[in-house]
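Enquirer: If it helps, the file is called data.cif and holds mmCIF, C-alpha atoms:
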```
data_upload
#
loop_
_atom_site.label_atom_id
_atom_site.label_comp_id
_atom_site.auth_asym_id
_atom_site.auth_seq_id
_atom_site.Cartn_x
_atom_site.Cartn_y
_atom_site.Cartn_z
CA MET A 9 101.34 93.03 173.82
CA LYS A 10 99.89 90.09 171.99
CA ARG A 11 96.12 89.59 171.86
CA THR A 12 96.35 86.24 173.71
CA GLU A 13 98.39 87.80 176.50
CA ARG A 14 95.87 90.65 176.90
CA HIS A 15 93.06 88.08 177.01
CA HIS A 16 94.79 86.08 179.79
CA LEU A 17 95.43 89.28 181.72
CA LYS A 18 91.73 90.19 181.65
CA GLU A 19 90.83 86.67 182.74
CA ASN A 20 93.25 86.91 185.66
CA GLU A 21 91.80 90.28 186.69
CA PHE A 22 88.28 88.87 186.62
CA VAL A 23 89.34 85.80 188.66
CA GLU A 24 91.04 88.04 191.23
CA TRP A 25 87.89 90.23 191.47
CA LEU A 26 85.67 87.14 191.83
CA LEU A 27 87.90 85.68 194.56
CA GLY A 28 87.92 89.02 196.36
CA ALA A 29 84.13 89.28 196.18
CA ARG A 30 83.78 85.75 197.52
CA THR A 31 86.16 86.50 200.40
CA TRP A 32 84.21 89.69 201.25
CA TYR A 33 80.90 87.80 201.14
CA GLU A 34 82.15 85.06 203.46
CA ALA A 35 83.42 87.68 205.91
CA ASN A 36 80.19 89.67 205.77
CA ARG A 37 77.64 86.94 205.13
CA ASN A 38 75.32 87.91 208.01
CA VAL A 39 75.37 91.55 207.01
CA VAL A 40 74.50 90.67 203.42
CA ILE A 41 71.71 88.28 204.43
CA PHE A 42 70.10 90.62 206.93
CA GLY A 43 70.65 93.59 204.65
CA GLY A 44 68.92 91.74 201.84
CA ILE A 45 66.04 90.87 204.12
CA ALA A 46 65.78 94.51 205.18
CA VAL A 47 65.68 95.65 201.57
CA ILE A 48 62.96 93.12 200.79
CA VAL A 49 60.95 94.24 203.82
CA VAL A 50 61.24 97.89 202.78
CA VAL A 51 60.24 97.12 199.19
CA LEU A 52 57.27 95.06 200.34
CA GLY A 53 56.27 97.85 202.72
CA VAL A 54 56.38 100.48 199.96
CA VAL A 55 54.42 98.27 197.56
CA GLY A 56 51.88 97.48 200.27
CA THR A 57 51.45 101.15 201.12
CA LEU A 58 50.91 102.04 197.46
CA VAL A 59 48.33 99.28 197.07
CA VAL A 60 46.47 100.37 200.21
CA ARG A 61 46.50 104.01 199.09
CA GLN A 62 45.25 103.09 195.65
CA ASN A 63 42.45 100.97 197.12
CA SER A 64 41.55 103.72 199.59
CA ALA A 65 41.46 106.36 196.86
CA SER A 66 39.26 104.12 194.73
CA THR A 67 36.84 103.50 197.60
CA ALA A 68 36.78 107.18 198.56
CA SER A 69 36.05 108.22 194.97
CA ARG A 70 33.23 105.70 194.71
CA MET A 71 31.68 106.87 197.98
CA LEU A 72 31.95 110.52 196.91
CA ALA A 73 30.32 109.73 193.57
CA GLU A 74 27.39 108.11 195.40
CA ALA A 75 26.99 111.16 197.64
CA MET A 76 27.18 113.55 194.68
CA THR A 77 24.56 111.53 192.82
CA ILE A 78 22.16 112.28 195.66
CA SER A 79 23.13 115.93 196.04
CA GLU A 80 22.58 116.52 192.31
CA ALA A 81 19.48 114.33 191.90
CA PRO A 82 16.43 115.80 190.13
CA VAL A 83 14.00 117.85 192.19
CA MET A 84 10.35 117.29 191.35
CA PRO A 85 7.10 117.22 193.29
CA PRO A 86 5.63 113.86 194.23
CA THR A 87 3.02 112.32 191.96
CA ALA A 88 -0.51 112.19 193.28
CA GLY A 89 -1.40 108.66 194.32
CA GLU A 90 -4.62 106.81 193.95
CA PRO A 91 -7.61 108.07 195.90
CA GLY A 92 -7.04 107.53 199.58
CA LYS A 93 -3.34 106.83 199.14
CA PRO A 94 -0.36 109.15 199.76
CA SER A 95 1.56 110.85 196.98
CA VAL A 96 4.45 108.94 195.45
CA GLN A 97 7.97 110.32 195.04
CA ALA A 98 9.67 109.05 191.91
CA PRO A 99 12.75 106.92 192.68
CA GLY A 100 15.99 108.88 192.55
CA THR A 101 14.23 112.26 192.96
CA TYR A 102 13.51 114.57 195.88
CA PRO A 103 10.64 116.97 196.51
CA THR A 104 12.89 119.92 197.36
CA ASP A 105 16.50 120.98 197.09
CA LYS A 106 16.72 120.99 200.88
CA ALA A 107 15.48 117.39 201.03
CA ARG A 108 18.14 116.11 198.65
CA LEU A 109 20.92 118.01 200.43
CA GLU A 110 19.78 116.64 203.78
CA ALA A 111 19.87 113.15 202.27
CA ALA A 112 23.36 113.69 200.83
CA LEU A 113 24.90 115.15 203.99
CA PRO A 114 25.45 111.87 205.92
CA LYS A 115 27.13 110.30 202.88
CA LEU A 116 29.33 113.34 202.30
CA MET A 117 30.47 113.37 205.91
CA ALA A 118 31.09 109.62 205.81
CA VAL A 119 33.64 110.17 203.04
CA ALA A 120 35.12 113.22 204.77
CA ASP A 121 35.58 111.40 208.08
CA ALA A 122 36.85 108.13 206.61
CA TYR A 123 39.35 109.72 204.21
CA PRO A 124 40.22 113.19 205.60
CA SER A 125 43.59 113.44 203.86
CA LEU A 126 42.57 112.18 200.42
CA GLU A 127 41.20 114.56 197.79
CA PRO A 128 37.74 112.91 197.68
CA GLY A 129 37.52 113.33 201.45
CA VAL A 130 38.52 116.99 201.26
CA MET A 131 36.03 117.64 198.48
CA ALA A 132 33.32 115.84 200.45
CA ARG A 133 33.95 118.01 203.51
CA TYR A 134 33.82 121.16 201.38
CA ARG A 135 30.57 120.07 199.71
CA ALA A 136 29.10 119.14 203.08
CA ALA A 137 29.92 122.61 204.39
CA ALA A 138 28.17 124.22 201.42
CA ALA A 139 25.16 121.93 201.86
CA LEU A 140 24.89 122.74 205.56
CA VAL A 141 24.84 126.46 204.83
CA ALA A 142 22.29 125.95 202.06
CA VAL A 143 19.85 124.11 204.36
CA GLY A 144 20.15 126.77 207.05
CA ARG A 145 22.61 125.04 209.38
CA THR A 146 25.04 127.91 208.96
CA ALA A 147 27.09 127.49 212.13
CA GLU A 148 27.78 123.83 211.31
CA GLY A 149 28.64 124.74 207.73
CA ILE A 150 31.14 127.37 208.83
CA GLU A 151 32.74 124.83 211.17
CA ARG A 152 33.16 122.32 208.32
CA TYR A 153 34.64 125.07 206.12
CA ARG A 154 37.10 125.93 208.89
CA GLU A 155 38.18 122.30 209.10
CA VAL A 156 39.10 122.43 205.42
CA VAL A 157 40.95 125.72 205.90
CA ALA A 158 42.94 124.26 208.81
CA LYS A 159 43.96 121.09 206.96
CA GLU A 160 44.34 122.14 203.34
CA LYS A 161 46.31 124.53 201.17
CA GLY A 162 45.56 125.77 197.69
CA ILE A 163 42.20 126.04 196.00
CA TYR A 164 40.15 124.16 198.61
CA GLN A 165 41.42 126.44 201.34
CA VAL A 166 40.61 129.55 199.27
CA MET A 167 37.14 128.33 198.33
CA SER A 168 36.40 127.43 201.94
CA LYS A 169 37.41 130.92 203.07
CA LEU A 170 35.07 132.34 200.45
CA GLY A 171 32.36 129.99 201.70
CA ILE A 172 32.81 131.21 205.26
CA ALA A 173 32.62 134.84 204.14
CA ASP A 174 29.49 134.16 202.09
CA ALA A 175 27.82 132.44 205.04
CA GLN A 176 28.77 135.32 207.33
CA LEU A 177 27.38 137.89 204.90
CA ALA A 178 24.12 135.94 204.68
CA THR A 179 23.80 136.09 208.47
CA LYS A 180 24.83 139.78 208.62
CA GLN A 181 28.22 139.12 210.20
CA PHE A 182 29.67 141.85 208.03
CA GLU A 183 32.89 142.77 209.80
CA PRO A 184 34.53 139.32 209.92
CA ALA A 185 33.36 138.59 206.38
CA LEU A 186 34.77 141.83 204.97
CA ALA A 187 38.04 141.38 206.87
CA SER A 188 38.48 137.88 205.43
CA LEU A 189 37.66 139.00 201.89
CA LYS A 190 40.06 141.95 202.07
CA GLU A 191 42.79 139.60 203.26
CA LEU A 192 42.13 137.26 200.35
CA ALA A 193 42.13 140.18 197.90
CA GLN A 194 45.66 141.05 199.02
CA GLN A 195 47.04 137.57 198.32
CA ALA A 196 48.92 137.23 195.05
CA ALA A 197 48.55 133.48 194.52
CA PRO A 198 47.52 131.55 191.39
CA GLU A 199 44.76 129.71 193.26
CA VAL A 200 43.08 132.95 194.36
CA PRO A 201 40.44 134.04 191.80
CA LEU A 202 41.00 137.71 192.50
CA ASP A 203 38.21 138.99 190.25
CA GLY A 204 35.73 136.71 192.03
CA VAL A 205 37.03 137.73 195.44
CA LEU A 206 36.68 141.42 194.56
CA MET A 207 33.12 140.87 193.38
CA GLN A 208 32.20 139.16 196.63
CA LEU A 209 33.94 141.92 198.57
CA ALA A 210 31.95 144.56 196.66
CA ARG A 211 28.72 142.69 197.37
CA GLY A 212 29.70 142.56 201.01
CA TYR A 213 30.21 146.30 201.09
CA GLN A 214 26.77 146.76 199.52
CA LEU A 215 25.11 144.55 202.10
CA ALA A 216 26.94 146.38 204.89
CA GLY A 217 25.69 149.72 203.55
CA LYS A 218 29.15 150.90 202.44
CA GLY A 219 28.30 152.18 198.98
CA ASP A 220 31.53 154.11 198.33
CA GLU A 221 33.72 151.10 199.12
CA ALA A 222 31.49 148.92 196.97
CA ARG A 223 31.84 151.31 194.02
CA LYS A 224 35.64 151.43 194.35
CA THR A 225 35.80 147.65 194.44
CA PHE A 226 33.53 147.24 191.42
CA ARG A 227 35.78 149.73 189.64
CA ARG A 228 38.81 147.57 190.42
CA VAL A 229 37.11 144.65 188.71
CA THR A 230 36.41 146.64 185.53
CA ASP A 231 39.87 148.22 185.47
CA GLU A 232 42.02 145.24 186.41
CA PHE A 233 39.99 142.46 184.82
CA PRO A 234 38.26 143.93 181.75
CA GLN A 235 37.93 140.48 180.14
CA SER A 236 36.50 138.82 183.23
CA PRO A 237 32.88 137.64 183.11
CA TYR A 238 32.42 139.69 186.28
CA ALA A 239 33.45 142.93 184.55
CA GLN A 240 30.11 143.41 182.81
CA ILE A 241 28.24 142.79 186.06
CA ALA A 242 30.48 145.27 187.86
CA ARG A 243 29.81 147.91 185.18
CA ARG A 244 26.06 147.43 185.59
CA GLU A 245 26.41 147.87 189.34
CA ILE A 246 28.35 151.11 188.86
CA GLU A 247 25.77 152.38 186.36
CA GLY A 248 23.00 151.49 188.78
CA GLN A 249 24.69 153.47 191.53
CA ASP A 250 25.12 156.43 189.17
CA THR A 251 21.43 156.30 188.25
CA ALA A 252 20.38 156.10 191.89
CA GLN A 253 22.57 159.06 192.83
CA ALA A 254 21.27 161.14 189.90
CA ALA A 255 17.67 160.44 190.95
CA THR A 256 18.32 161.80 194.45
CA ARG A 257 19.73 165.12 193.26
#
```
How would this structure read if it were set down as structure tokens?

Expert:
Amino acid sequence: MKRTERHHLKENEFVEWLLGARTWYEANRNVVIFGGIAVIVVVLGVVGTLVVRQNSASTASRMLAEAMTISEAPVMPPTAGEPGKPSVQAPGTYPTDKARLEAALPKLMAVADAYPSLEPGVMARYRAAAALVAVGRTAEGIERYREVVAKEKGIYQVMSKLGIADAQLATKQFEPALASLKELAQQAAPEVPLDGVLMQLARGYQLAGKGDEARKTFRRVTDEFPQSPYAQIARREIEGQDTAQAATR
């Protein structure tokens, strides 16, 4: 076939395709128009959602940073004022650790309540729980920890479970704390710091007066995690128990 004939054939095929497309469009004009509008609406909705999420995340991060600035502010005693005048607290400082945590708590909970599903909101709720326990409001702190456990997976859930157990041990609620720690120690998940969990479990056994269980758990740390920073502490605990037992013989 000559080159000119092949060229005309391709032109005819293109014309036929173009005519067919035009005929289809005229027959389905409303579908095309409304379908195009629907696509535009969906695209605009997706873009709008992404913009809102980005703005929300930015605002949440800023609010969390402000709360953390307070919770980590310097602690120093107030400066004595002039005779007859009260002492003066330096700007940006707090007289006690409890005072700065109490000041940070409303801001932490503001982030947690406004952005419960965003990471800054989750972190704020976790930090608020820890602060509540630290200032002696243990029941409230445990409740905030449980909210994180109920809503989150991964590291925040694990750390909140450890926070609950620690708070329970501090208030001598040994049985629920030990049960939770033993459950965590049986989980083979990357986000579970098993050596840290075992150390807390061993401490719990000590506080509960269960020396044999504590020794076995410390031994697990030294045997299974010899390179862990906890291993040296666990060895000292075992040596201390050995010394105490030798002294009683």

Enquirer: Just want the 8 Å neighbourhood of stretch 168-182 of chain A, counted on all atoms listed in the file, with same-chain residues fewer than 2 positions away dropped. Output as a list in words.

Expert: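 Selected residues are Tyr134, Ala138, Val141, Thr146, Ile150, Tyr153, Arg154, Val156, Val157, Tyr164, Gln165, Val166, Pro184, Ala185, Leu186, Ser188, Leu189, Val205, Gln208, Gly212, Leu215 and Ala216 of chain A.
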
Enquirer: Using only C-alpha atoms, which of the listed residues (A:Glu191, A:Asp203, A:Asp220, A:Glu183) sits closest to A:Ala242?

Expert: A:Asp203

Enquirer: Just give me the gap between atom CA of A:Met71 and atom CA of A:Leu116 in Å, one decimal is fine.

Expert: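 Interatomic distance, atom CA of A:Met71 to atom CA of A:Leu116: 8.1 Å.
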
Enquirer: So how many Å separate atom CA of A:Ala73 and atom CA of A:Glu199, to one decimal?

Expert: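 Interatomic distance, atom CA of A:Ala73 to atom CA of A:Glu199: 24.7 Å.
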
Enquirer: Write out as a PyMOL selection string the residues lying within 10 Å of A:Ala118, counting all atoms listed in the file and excluding same-chain residues fewer than 5 positions away.

Expert: chain A and resi 68+71-72+75+113+123-124+129+132-133

Enquirer: Report, in Å with one decimal, the straight-line distance from atom CA of A:Ala239 to atom CA of A:Thr256.

Expert: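 A separation of 26.1 Å between them.
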
Enquirer: Could you pull the residues within 10 Å of A:Met207, counting all atoms listed in the file, minus those fewer than 2 positions along the same chain, as a VMD selection string?

Expert: chain A and resid 189 202 to 205 209 to 213 222 225 to 229 238 to 239 241 to 242

Enquirer: Using the selection just defined, write its residues with C-alpha atoms as a compact mmCIF listing (two decimals), in the coordinates of the input.

Expert:
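Done, and the output landed in part.txt:
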```
# COMPACT_ATOMS: atom_id res chain seq x y z
CA LEU A 189 37.66 139.00 201.89
CA LEU A 202 41.00 137.71 192.50
CA ASP A 203 38.21 138.99 190.25
CA GLY A 204 35.73 136.71 192.03
CA VAL A 205 37.03 137.73 195.44
CA LEU A 209 33.94 141.92 198.57
CA ALA A 210 31.95 144.56 196.66
CA ARG A 211 28.72 142.69 197.37
CA GLY A 212 29.70 142.56 201.01
CA TYR A 213 30.21 146.30 201.09
CA ALA A 222 31.49 148.92 196.97
CA THR A 225 35.80 147.65 194.44
CA PHE A 226 33.53 147.24 191.42
CA ARG A 227 35.78 149.73 189.64
CA ARG A 228 38.81 147.57 190.42
CA VAL A 229 37.11 144.65 188.71
CA TYR A 238 32.42 139.69 186.28
CA ALA A 239 33.45 142.93 184.55
CA ILE A 241 28.24 142.79 186.06
CA ALA A 242 30.48 145.27 187.86
```

Enquirer: Which residue is closest to A:Ala120? Choose from A:Lys106, A:Arg244, A:Lys93, A:Arg152 and count all atoms listed in the file.

Expert: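 Nearest to A:Ala120: A:Arg152.
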
Enquirer: Between A:Lys224, A:Arg145, A:Lys161, A:Lys218, which has the minimum distance to A:Val200 (counting only C-alpha atoms)?

Expert: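 Using only C-alpha atoms, the shortest distance to A:Val200 belongs to A:Lys161.
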
Enquirer: Applied to the shown file, which residues does the PyMOL selection byres ((chain A and resi 82-87) around 7) return, written as a list in words?

Expert: Glu80, Ala81, Ala88, Gly89, Ser95, Val96, Gln97, Ala98, Thr101, Tyr102, Pro103, Thr104 and Asp105 of chain A

Enquirer: Is it possible to get the axis-aligned box enclosing stretch 217-226 of chain A (all listed atoms, 4 Å extra per side) as AutoDock Vina command-line options, with centre and edge lengths in Å rounded to one decimal?

Expert:
```
--center_x 30.7 --center_y 150.7 --center_z 197.5 --size_x 18.1 --size_y 14.9 --size_z 20.1
```

Enquirer: For each of A:Ala197, A:Leu206, A:Met76, A:Ala252, take the minimum atom-to-atom distance to A:Arg108, counting all atoms listed in the file, then give the residue where this is smallest.

Expert: A:Met76
